[in-house]
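A.B. asks: Please see the structure below; I have some questions.
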Number of protein chains: 2
Amino acid sequence: MTEHTHFAPRTSKTEIELGTAFQPKFDADGLIACVVTDADDGTVLMVGYMNAEALRRTIDTGEAWYWSRSRQEYWKKGGTSGQVQSVVELLTDCDQDALVMKVRVAGNGATCHVGYRSCFYRKVVQGPDGEPALESTGAQRVYDPATVYGAG
Amino acid sequence: MTEHTHFAPRTSKTEIELGTAFQPKFDADGLIACVVTDADDGTVLMVGYMNAEALRRTIDTGEAWYWSRSRQEYWKKGGTSGQVQSVVELLTDCDQDALVMKVRVAGNGATCHVGYRSCFYRKVVQGPDGEPALESTGAQRVYDPATVYGAG
């Protein structure tokens, strides 16, 4: 798939910001951040990272692929969990170094391996000592990962 | 402000995923990605990066501070443009290496220096040659940056 891995080279600031050429910017590790949202209600479900090949596979197949930074491997979301993400719309930002991907989630509808629909199930609050602490947003688990095969 | 810059050290996977200690993970460059959304309708407005000090300033003041990777300096959003972001809620994800920040935007209500409310004003489509290309989402500019002082 070598011939499909590459995207258009970066050109001018004007073209990048206002043009119609898709010229995604990958960072020093070859990655671009992808904010995944629910296509129906806009909830932010997760933030994933794609390299050029993962982005290409996502565009070609209409299903989300990532590069796992922790495992250093390609990761077809839902490959083991069934929580496949079908791409409804893919957006990029002004300087084309971030993506927003609106998806519909298959399987049990969860995205997070901890069992929640969204990975963002805790909020930062002021703790008893005045320092930042975490508290539940009130989100309930969709499933208990101890009883089923984990997300993937 | 040295004594305020640091956050709790990372502990176990269980504590990070299920605990109440805020233990944000900064990457090799000392940064954490922050997805900024409109607190009222959930629109993703931008993706910014914070180092520990920018995150601490954001929590302490309730207004968004970032670390500008391009300018290598602290960046109080709205400092020059008036597009100040007041933090309504700050969330973190399962492994505490990403943030979602729900904000209300002051000034003219735009976030993007190109003049749009959201930086994500273009979508990826299939171009005439079969390759990915960009197309407007239909978003209209809030202001023309050529006529006013740019975003900041």
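Letters A, B, ... go to the chains of the structure tokens in the order shown; residues in each chain start at 1; ligands are counted from 1 in the same order.
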Within 9 Å of chain B, which residues of chain A show up when using only C-alpha atoms, listed as a PyMOL selection string?

C.D. replies: chain A and resi 7+17-23+33+35+37+41-44+46-47+59+89-95+98-100+112-114+118-125+127+131-137

A.B. asks: How about saving the chosen residues, N, CA and C atoms kept, as a tab-separated table (two decimals), in the first residue's frame?

C.D. replies:
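The result, stored in part-v5.tsv:
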chain	number	residue	atom	x	y	z
A	7	PHE	N	0.36	11.64	1.56
A	7	PHE	CA	-0.60	12.69	1.26
A	7	PHE	C	0.15	13.83	0.58
A	17	GLU	N	-4.45	26.95	4.82
A	17	GLU	CA	-5.58	27.48	5.59
A	17	GLU	C	-6.85	27.66	4.77
A	18	LEU	N	-6.68	27.99	3.51
A	18	LEU	CA	-7.86	28.37	2.71
A	18	LEU	C	-8.09	27.47	1.51
A	19	GLY	N	-7.15	26.58	1.21
A	19	GLY	CA	-7.23	25.81	-0.02
A	19	GLY	C	-8.07	24.54	0.09
A	20	THR	N	-8.11	23.82	-1.02
A	20	THR	CA	-8.89	22.59	-1.07
A	20	THR	C	-7.99	21.36	-1.13
A	21	ALA	N	-6.68	21.55	-1.03
A	21	ALA	CA	-5.76	20.40	-1.01
A	21	ALA	C	-5.62	19.90	0.42
A	22	PHE	N	-5.78	18.59	0.58
A	22	PHE	CA	-5.62	17.98	1.90
A	22	PHE	C	-4.14	17.71	2.11
A	23	GLN	N	-3.55	18.47	3.04
A	23	GLN	CA	-2.11	18.40	3.28
A	23	GLN	C	-1.86	18.21	4.77
A	33	ALA	N	-3.28	14.10	15.60
A	33	ALA	CA	-4.32	13.86	16.61
A	33	ALA	C	-5.69	13.85	15.94
A	35	VAL	N	-9.72	13.78	17.00
A	35	VAL	CA	-10.78	13.87	18.01
A	35	VAL	C	-11.99	13.14	17.46
A	37	THR	N	-15.84	12.08	17.65
A	37	THR	CA	-17.10	12.50	18.25
A	37	THR	C	-18.25	11.65	17.74
A	41	ASP	N	-24.84	13.12	18.45
A	41	ASP	CA	-25.00	14.15	19.49
A	41	ASP	C	-23.73	14.95	19.78
A	42	GLY	N	-22.65	14.66	19.08
A	42	GLY	CA	-21.44	15.48	19.21
A	42	GLY	C	-20.56	15.18	20.41
A	43	THR	N	-20.94	14.24	21.24
A	43	THR	CA	-20.11	13.89	22.40
A	43	THR	C	-18.70	13.50	21.96
A	44	VAL	N	-17.70	14.05	22.66
A	44	VAL	CA	-16.33	13.63	22.38
A	44	VAL	C	-16.13	12.25	22.99
A	46	MET	N	-13.29	9.99	22.24
A	46	MET	CA	-11.88	9.65	22.50
A	46	MET	C	-10.99	10.57	21.68
A	47	VAL	N	-9.71	10.55	22.00
A	47	VAL	CA	-8.70	11.17	21.14
A	47	VAL	C	-7.74	10.06	20.75
A	59	ILE	N	-9.67	6.54	5.58
A	59	ILE	CA	-10.36	7.18	4.45
A	59	ILE	C	-10.80	6.13	3.43
A	89	GLU	N	-18.19	11.78	8.97
A	89	GLU	CA	-17.57	12.99	8.42
A	89	GLU	C	-16.19	13.15	9.05
A	90	LEU	N	-15.25	13.62	8.24
A	90	LEU	CA	-13.88	13.85	8.70
A	90	LEU	C	-13.53	15.30	8.41
A	91	LEU	N	-13.17	16.04	9.46
A	91	LEU	CA	-12.85	17.46	9.33
A	91	LEU	C	-11.38	17.69	9.65
A	92	THR	N	-10.82	18.76	9.08
A	92	THR	CA	-9.48	19.15	9.52
A	92	THR	C	-9.50	20.63	9.88
A	93	ASP	N	-8.47	21.06	10.60
A	93	ASP	CA	-8.49	22.43	11.11
A	93	ASP	C	-7.65	23.36	10.23
A	94	CYS	N	-7.59	24.61	10.65
A	94	CYS	CA	-6.97	25.67	9.84
A	94	CYS	C	-5.56	25.29	9.38
A	95	ASP	N	-4.74	24.80	10.29
A	95	ASP	CA	-3.37	24.47	9.88
A	95	ASP	C	-3.20	22.97	9.57
A	98	ALA	N	-4.69	18.69	12.91
A	98	ALA	CA	-5.60	17.97	13.79
A	98	ALA	C	-6.83	17.58	12.99
A	99	LEU	N	-7.49	16.52	13.43
A	99	LEU	CA	-8.69	16.02	12.76
A	99	LEU	C	-9.83	15.92	13.76
A	100	VAL	N	-11.05	16.13	13.27
A	100	VAL	CA	-12.25	15.77	14.02
A	100	VAL	C	-12.97	14.73	13.17
A	112	CYS	N	-14.74	3.37	25.22
A	112	CYS	CA	-13.63	3.28	26.18
A	112	CYS	C	-13.44	1.87	26.73
A	113	HIS	N	-12.19	1.45	26.84
A	113	HIS	CA	-11.89	0.10	27.33
A	113	HIS	C	-12.24	-0.05	28.81
A	114	VAL	N	-12.48	1.08	29.49
A	114	VAL	CA	-12.88	1.01	30.90
A	114	VAL	C	-14.38	0.71	31.02
A	118	SER	N	-17.84	7.14	26.51
A	118	SER	CA	-16.75	8.06	26.19
A	118	SER	C	-15.59	7.85	27.14
A	119	CYS	N	-14.37	8.06	26.66
A	119	CYS	CA	-13.20	7.99	27.54
A	119	CYS	C	-13.20	9.13	28.54
A	120	PHE	N	-13.98	10.18	28.29
A	120	PHE	CA	-13.98	11.36	29.16
A	120	PHE	C	-15.10	11.26	30.18
A	121	TYR	N	-14.92	10.38	31.17
A	121	TYR	CA	-15.95	10.10	32.17
A	121	TYR	C	-15.64	10.73	33.53
A	122	ARG	N	-14.57	11.52	33.58
A	122	ARG	CA	-14.22	12.23	34.82
A	122	ARG	C	-13.91	13.69	34.54
A	123	LYS	N	-14.26	14.53	35.51
A	123	LYS	CA	-13.98	15.96	35.38
A	123	LYS	C	-13.02	16.40	36.47
A	124	VAL	N	-12.30	17.47	36.17
A	124	VAL	CA	-11.36	18.03	37.13
A	124	VAL	C	-12.11	18.98	38.05
A	125	VAL	N	-11.97	18.76	39.36
A	125	VAL	CA	-12.61	19.61	40.37
A	125	VAL	C	-11.56	20.00	41.40
A	127	GLY	N	-10.07	19.54	44.86
A	127	GLY	CA	-10.10	18.53	45.91
A	127	GLY	C	-10.11	19.16	47.29
A	131	GLU	N	-6.18	21.28	45.86
A	131	GLU	CA	-5.50	20.88	44.63
A	131	GLU	C	-6.50	20.22	43.66
A	132	PRO	N	-6.19	20.20	42.37
A	132	PRO	CA	-7.10	19.57	41.41
A	132	PRO	C	-7.28	18.07	41.70
A	133	ALA	N	-8.49	17.60	41.57
A	133	ALA	CA	-8.80	16.18	41.75
A	133	ALA	C	-9.84	15.80	40.70
A	134	LEU	N	-10.14	14.51	40.62
A	134	LEU	CA	-11.11	14.03	39.63
A	134	LEU	C	-12.39	13.57	40.30
A	135	GLU	N	-13.46	13.69	39.54
A	135	GLU	CA	-14.79	13.30	40.03
A	135	GLU	C	-15.56	12.75	38.82
A	136	SER	N	-16.43	11.81	39.06
A	136	SER	CA	-17.23	11.27	37.97
A	136	SER	C	-18.11	12.35	37.35
A	137	THR	N	-18.29	12.27	36.03
A	137	THR	CA	-19.24	13.18	35.37
A	137	THR	C	-20.67	12.71	35.59

A.B. asks: Could you pull out the residues in segment 20-125 of chain A that DSSP calls strand (DSSP E or B) from the backbone, as JSON, numbers by chain?

C.D. replies: {"A": [21, 32, 33, 34, 35, 36, 37, 38, 44, 45, 46, 47, 48, 49, 50, 63, 65, 66, 67, 68, 73, 74, 75, 76, 85, 86, 87, 88, 89, 90, 91, 92, 98, 99, 100, 101, 102, 103, 104, 105, 122, 123, 124, 125]}

A.B. asks: Can you list, as a list in words, every residue of segment 14-116 of chain A that DSSP puts in helix (DSSP H, G or I)?

C.D. replies: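 Put together, the selection reads Thr14, Glu15, Ile16, Glu17, Leu18, Ala52, Glu53, Ala54, Leu55, Arg56, Arg57, Thr58, Ile59, Asp60 and Thr61 of chain A.
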
A.B. asks: Can I get the selection written as a short mmCIF file (atom, residue, chain, number, x, y, z; two decimals), in the first residue's frame, with all heavy atoms?

C.D. replies:
data_model
loop_
_atom_site.label_atom_id
_atom_site.label_comp_id
_atom_site.auth_asym_id
_atom_site.auth_seq_id
_atom_site.Cartn_x
_atom_site.Cartn_y
_atom_site.Cartn_z
N THR A 14 -1.29 30.09 3.07
CA THR A 14 -2.58 30.44 2.47
C THR A 14 -3.28 29.20 1.92
O THR A 14 -4.48 29.00 2.15
CB THR A 14 -2.37 31.47 1.33
OG1 THR A 14 -1.80 32.65 1.89
CG2 THR A 14 -3.70 31.81 0.66
N GLU A 15 -2.52 28.38 1.23
CA GLU A 15 -3.12 27.16 0.66
C GLU A 15 -3.56 26.21 1.77
O GLU A 15 -4.64 25.61 1.73
CB GLU A 15 -2.12 26.47 -0.27
CG GLU A 15 -2.57 25.11 -0.80
CD GLU A 15 -3.81 25.14 -1.69
OE1 GLU A 15 -4.13 26.22 -2.24
OE2 GLU A 15 -4.48 24.12 -1.80
N ILE A 16 -2.73 26.09 2.80
CA ILE A 16 -3.06 25.18 3.91
C ILE A 16 -4.32 25.66 4.63
O ILE A 16 -5.20 24.86 4.95
CB ILE A 16 -1.87 25.10 4.90
CG1 ILE A 16 -0.72 24.32 4.24
CG2 ILE A 16 -2.29 24.46 6.21
CD1 ILE A 16 0.60 24.43 4.98
N GLU A 17 -4.45 26.95 4.82
CA GLU A 17 -5.58 27.48 5.59
C GLU A 17 -6.85 27.66 4.77
O GLU A 17 -7.95 27.52 5.30
CB GLU A 17 -5.21 28.82 6.24
CG GLU A 17 -4.16 28.69 7.33
CD GLU A 17 -3.85 30.00 8.03
OE1 GLU A 17 -4.31 31.07 7.55
OE2 GLU A 17 -3.15 29.97 9.05
N LEU A 18 -6.68 27.99 3.51
CA LEU A 18 -7.86 28.37 2.71
C LEU A 18 -8.09 27.47 1.51
O LEU A 18 -9.12 27.59 0.84
CB LEU A 18 -7.72 29.83 2.23
CG LEU A 18 -7.58 30.87 3.35
CD1 LEU A 18 -7.33 32.25 2.76
CD2 LEU A 18 -8.83 30.89 4.24
N ALA A 52 0.26 8.30 8.73
CA ALA A 52 -0.26 8.46 7.37
C ALA A 52 -0.99 7.21 6.89
O ALA A 52 -2.06 7.28 6.28
CB ALA A 52 0.87 8.82 6.40
N GLU A 53 -0.45 6.05 7.20
CA GLU A 53 -1.06 4.80 6.76
C GLU A 53 -2.40 4.55 7.46
O GLU A 53 -3.37 4.12 6.83
CB GLU A 53 -0.10 3.63 7.02
CG GLU A 53 -0.68 2.26 6.75
CD GLU A 53 -1.03 2.00 5.29
OE1 GLU A 53 -0.47 2.68 4.41
OE2 GLU A 53 -1.89 1.13 5.03
N ALA A 54 -2.48 4.83 8.74
CA ALA A 54 -3.76 4.67 9.47
C ALA A 54 -4.80 5.63 8.93
O ALA A 54 -5.98 5.27 8.77
CB ALA A 54 -3.54 4.88 10.97
N LEU A 55 -4.40 6.85 8.64
CA LEU A 55 -5.33 7.84 8.07
C LEU A 55 -5.80 7.38 6.70
O LEU A 55 -6.99 7.46 6.36
CB LEU A 55 -4.65 9.21 8.00
CG LEU A 55 -5.46 10.35 7.37
CD1 LEU A 55 -6.82 10.53 8.02
CD2 LEU A 55 -4.66 11.65 7.42
N ARG A 56 -4.88 6.87 5.92
CA ARG A 56 -5.23 6.38 4.58
C ARG A 56 -6.21 5.20 4.68
O ARG A 56 -7.21 5.14 3.96
CB ARG A 56 -3.96 5.97 3.84
CG ARG A 56 -4.19 5.44 2.46
CD ARG A 56 -4.88 6.42 1.54
NE ARG A 56 -3.98 7.45 1.06
CZ ARG A 56 -4.29 8.27 0.05
NH1 ARG A 56 -5.45 8.18 -0.58
NH2 ARG A 56 -3.45 9.20 -0.33
N ARG A 57 -5.93 4.28 5.58
CA ARG A 57 -6.85 3.13 5.73
C ARG A 57 -8.23 3.60 6.17
O ARG A 57 -9.25 3.07 5.72
CB ARG A 57 -6.30 2.15 6.79
CG ARG A 57 -5.06 1.40 6.34
CD ARG A 57 -4.67 0.36 7.40
NE ARG A 57 -3.35 -0.19 7.16
CZ ARG A 57 -2.79 -1.15 7.89
NH1 ARG A 57 -3.43 -1.66 8.93
NH2 ARG A 57 -1.59 -1.61 7.60
N THR A 58 -8.27 4.60 7.07
CA THR A 58 -9.54 5.13 7.55
C THR A 58 -10.34 5.74 6.40
O THR A 58 -11.54 5.48 6.25
CB THR A 58 -9.28 6.20 8.64
OG1 THR A 58 -8.61 5.58 9.73
CG2 THR A 58 -10.59 6.82 9.12
N ILE A 59 -9.67 6.54 5.58
CA ILE A 59 -10.36 7.18 4.45
C ILE A 59 -10.80 6.13 3.43
O ILE A 59 -11.92 6.16 2.92
CB ILE A 59 -9.43 8.23 3.80
CG1 ILE A 59 -9.23 9.41 4.76
CG2 ILE A 59 -9.98 8.70 2.45
CD1 ILE A 59 -8.18 10.42 4.31
N ASP A 60 -9.94 5.16 3.15
CA ASP A 60 -10.25 4.16 2.12
C ASP A 60 -11.37 3.22 2.55
O ASP A 60 -12.17 2.78 1.72
CB ASP A 60 -8.99 3.33 1.79
CG ASP A 60 -8.01 4.11 0.92
OD1 ASP A 60 -8.35 5.23 0.47
OD2 ASP A 60 -6.88 3.61 0.71
N THR A 61 -11.42 2.88 3.84
CA THR A 61 -12.39 1.87 4.28
C THR A 61 -13.63 2.47 4.93
O THR A 61 -14.64 1.78 5.08
CB THR A 61 -11.75 0.91 5.32
OG1 THR A 61 -11.46 1.65 6.51
CG2 THR A 61 -10.48 0.28 4.77
#

A.B. asks: Report, in Å to a single decimal, how far apart atom CA of Gly78 of chain A and atom CA of Met50 of chain A are.

C.D. replies: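 Interatomic distance, atom CA of Met50 of chain A to atom CA of Gly78 of chain A: 15.5 Å.
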
A.B. asks: For the atom pair atom CA of Gln83 of chain B and atom CA of Thr11 of chain A, what is the interatomic distance in Å to one decimal place?

C.D. replies: 28.4 Å

A.B. asks: Figure out the distance between atom CA of Leu31 of chain B and atom CA of Asn51 of chain B, please, to one decimal in Å.

C.D. replies: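 Pair atom CA of Asn51 of chain B / atom CA of Leu31 of chain B returns 4.5 Å.
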
A.B. asks: So, with only C-alpha atoms as the atoms that count, which of A:Gly130, A:Gly62, A:Gly82, A:Pro145 lies closest to Gly115 of chain A?

C.D. replies: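 For Gly115 of chain A, the nearest of the candidates is A:Pro145.
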
A.B. asks: Set the distance at 8 Å and use only C-alpha atoms: which residues neighbour Val84 of chain A once local chain neighbours fewer than 6 positions away are removed? I'd like the list as a PyMOL selection string.

C.D. replies: chain A and resi 63-64+76-78+105-107

A.B. asks: Those residues you just picked out, can you put them in a file as a PDB file, in the first residue's frame with C-alpha atoms?

C.D. replies:
ATOM      1  CA  GLU A  63     -13.811   2.689   9.373  1.00  0.00           C
ATOM      2  CA  ALA A  64     -11.392   4.061  11.962  1.00  0.00           C
ATOM      3  CA  LYS A  76      -8.427  -1.242  13.862  1.00  0.00           C
ATOM      4  CA  LYS A  77     -10.871   0.123  16.437  1.00  0.00           C
ATOM      5  CA  GLY A  78     -13.385  -2.584  17.249  1.00  0.00           C
ATOM      6  CA  VAL A 105     -20.118   3.184  16.974  1.00  0.00           C
ATOM      7  CA  ALA A 106     -21.112  -0.456  16.439  1.00  0.00           C
ATOM      8  CA  GLY A 107     -21.169  -3.302  18.947  1.00  0.00           C
TER       9      GLY A 107
END
